[in-house]
Structure formats: structure tokens, C-alpha cells
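Below is one structure; the comments refer to it alone.
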Amino acid sequence: MKRSRKSPACGTTVFSTLNRLLFRVGKELPEGVNEHPDVFRFEEWNAILERIDPFFRPIAEIMVMTGMIGSEIAGLRKGDIQKNHILIRNSIVRKIEKQTLKTKYRIRNLPITDSLGRLLEVILSCAKGDYVFSTKSGRTFDVDSFRKNPWTTALKRAGIGYRVPYATRHTFAAWALTIGMTPNKLVKRMGHGSKKMVYEVYGDYVEGLEKDAGKILEYFGNDFKGL
């Protein structure tokens, strides 16, 4: 797939796929909707991947392809990678492993698409110890260190305004909705208890995101929606 190295400026107007869908039945989104969500356009994301430290690129890709947050990435063990899905069961917060997640809904199984599977094969072939991800020195992955160093550096090199790594979770959700995933399915992927969170937090996206739908689907894989 041919990808441009140039990252176009984002539109400033924000629209909501879900808002349009609800409008048809005479409803509006709940109050408090985030009007400026941290969602990357596809070419922005490609520019980041081209400039991030190669060691950390797989971590960034797993984040945006699954919606997993940094603490879940840190706590992911090799045994959590099953044949057809990833088990999300624990996390590491501030270097302390948590045996329980934020809510019971965060305990979930994430389907492994062909694209995700190929990426995981490469990652697992290089992983040492029990955990899937680590730092260059072999220590437990720490999202704060990731944010301060490779992540921030990549954004600066790509000429993209600063956004926290958590923006990859918003991006995953917005991209999934853009290529046709239903809110019901997205709720389970994200680990929420109701669609309200989808409406209030992840429903909005940068103007023009629908133009990226083809590239997003190719990146996620044609089997993404069916799993």
C-alpha cells in the first residue's frame, strides 16, 4: 500500500457519525460530548509511524489497532495471546501489576485479525520474558516513559501537535465507526458497560475522516468488521 510521507493539516470542524444516525430518529447526543476529540487522520498516523523509534512502532500500532491503553499493553503476557484473540485480564499501573482491571467490562477478548496476527508474530518472536512488551533495556514497559520519549519525539518530527498516547484509543474507536462497526460491537471491544460512553466520548471525529475509510479498512484488514 502506497502511503504519503506528507501529513495534511486536520480540519478544525468536528462532526459525529452517531449524531447523524440519532438525528434521523429525532434524538441528540447526551450533553457533555467532547467537541474536539483526539483522533488522528490516517496520514497523520502514517507520518508518526514513519518517524517513531522502530523499537516502539509495534507498541504504537497495537494501541491503535486494538484500542488497548498503556497499562493494558504493559500487563500483556505472552500467555494472553491466544490463537484467535487477545485476553485482556490484567494491567500494570505505575510499575505495579494489577490483578483486577478498572471495571469488570475491561476484562475482554479482542479478536485477532490477519493484520494484527502478522504484527503479533513479529512482536512475539522478539519478546523476552513473560511479557509481550518491554523497554529497550528489557524492563517492564512504562507508558509514561513511552510518552515522554519516543512518542513525543515522533509527533515533533512529524509536525503534529501534541496528543497523549491515549489518543490512539480515541482513534481506534473513531476509525472503527467510520468503517462501519456497530456501536454495540465497539462497546465490547472498548470494555465499556453501555453505549453511552461511545456516544459521549468516541462518537465525534475530525472532519473528513470518512475520506480515510478505504485506507483505514486496508490497514485494519478486511476481516476487521466481521470478527
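Following the order of the C-alpha cells, first chain is A, next is B, and so on, with residues numbered from 1 inside each chain and ligands from 1 in the order they appear.
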
*Do a neighbour search on stretch 169-176 of chain A at 10 Å with only C-alpha atoms, toss out local chain neighbours closer than 2 positions, and write the hits as a count of residues only.*
47

*Suppose you want the space between atom CA of A:Ile112 and atom CA of A:Asn149; what is it in Å?*
28.8 Å

*If we count only C-alpha atoms, what is near A:Asp53 at a cut-off of 12 Å, once residues fewer than 5 positions away on the same chain are taken out, given as a ChimeraX atom specification?*
/A:48,58-60,135-136,146,149-155,157

Could you save the residues just selected, with C-alpha atoms, as a PDB file, in the first residue's frame?
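See out_10.pdb below for the written result:
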```pdb
ATOM      1  CA  ILE A  48       4.003   9.192  13.148  1.00  0.00           C
ATOM      2  CA  PRO A  58       4.824  -2.156  17.172  1.00  0.00           C
ATOM      3  CA  ILE A  59       3.576  -0.845  20.508  1.00  0.00           C
ATOM      4  CA  ALA A  60       2.015   2.200  18.864  1.00  0.00           C
ATOM      5  CA  THR A 135      11.652  -1.202  27.183  1.00  0.00           C
ATOM      6  CA  LYS A 136      14.874  -1.288  25.199  1.00  0.00           C
ATOM      7  CA  PHE A 146       6.965   5.912  26.257  1.00  0.00           C
ATOM      8  CA  ASN A 149      10.479   9.959  24.846  1.00  0.00           C
ATOM      9  CA  PRO A 150       9.638   8.028  21.621  1.00  0.00           C
ATOM     10  CA  TRP A 151       6.022   9.212  21.405  1.00  0.00           C
ATOM     11  CA  THR A 152       6.652  12.927  21.891  1.00  0.00           C
ATOM     12  CA  THR A 153       9.712  12.828  19.647  1.00  0.00           C
ATOM     13  CA  ALA A 154       7.761  11.179  16.821  1.00  0.00           C
ATOM     14  CA  LEU A 155       4.989  13.783  16.993  1.00  0.00           C
ATOM     15  CA  ARG A 157       9.326  15.074  13.887  1.00  0.00           C
TER      16      ARG A 157
END
```

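Atom pair atom CA of A:Ile107 / atom CA of A:Leu49 has a distance of 28.5 Å (rounded to one decimal).
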
*Tell me, in Å to one decimal, how far atom CA of A:Ile86 is from atom CA of A:Ile73.*
11.1 Å

*Write out as a VMD selection string all residues of stretch 68-221 of chain A that DSSP puts in alpha helix (DSSP H) for this structure's backbone.*
chain A and resid 70 to 75 114 to 126 143 to 146 152 to 158 167 to 178 183 to 190 196 to 197 213 to 220

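Closest approach to A:Asp130 among A:Lys211, A:Arg108, A:Lys196, A:Arg77: A:Arg77, based on only C-alpha atoms.
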
*Given the choices A:Glu61, A:Ala47, A:Gly226, A:Phe55, which gets closest to A:Ser137 if the distance is worked out from only C-alpha atoms?*
A:Phe55
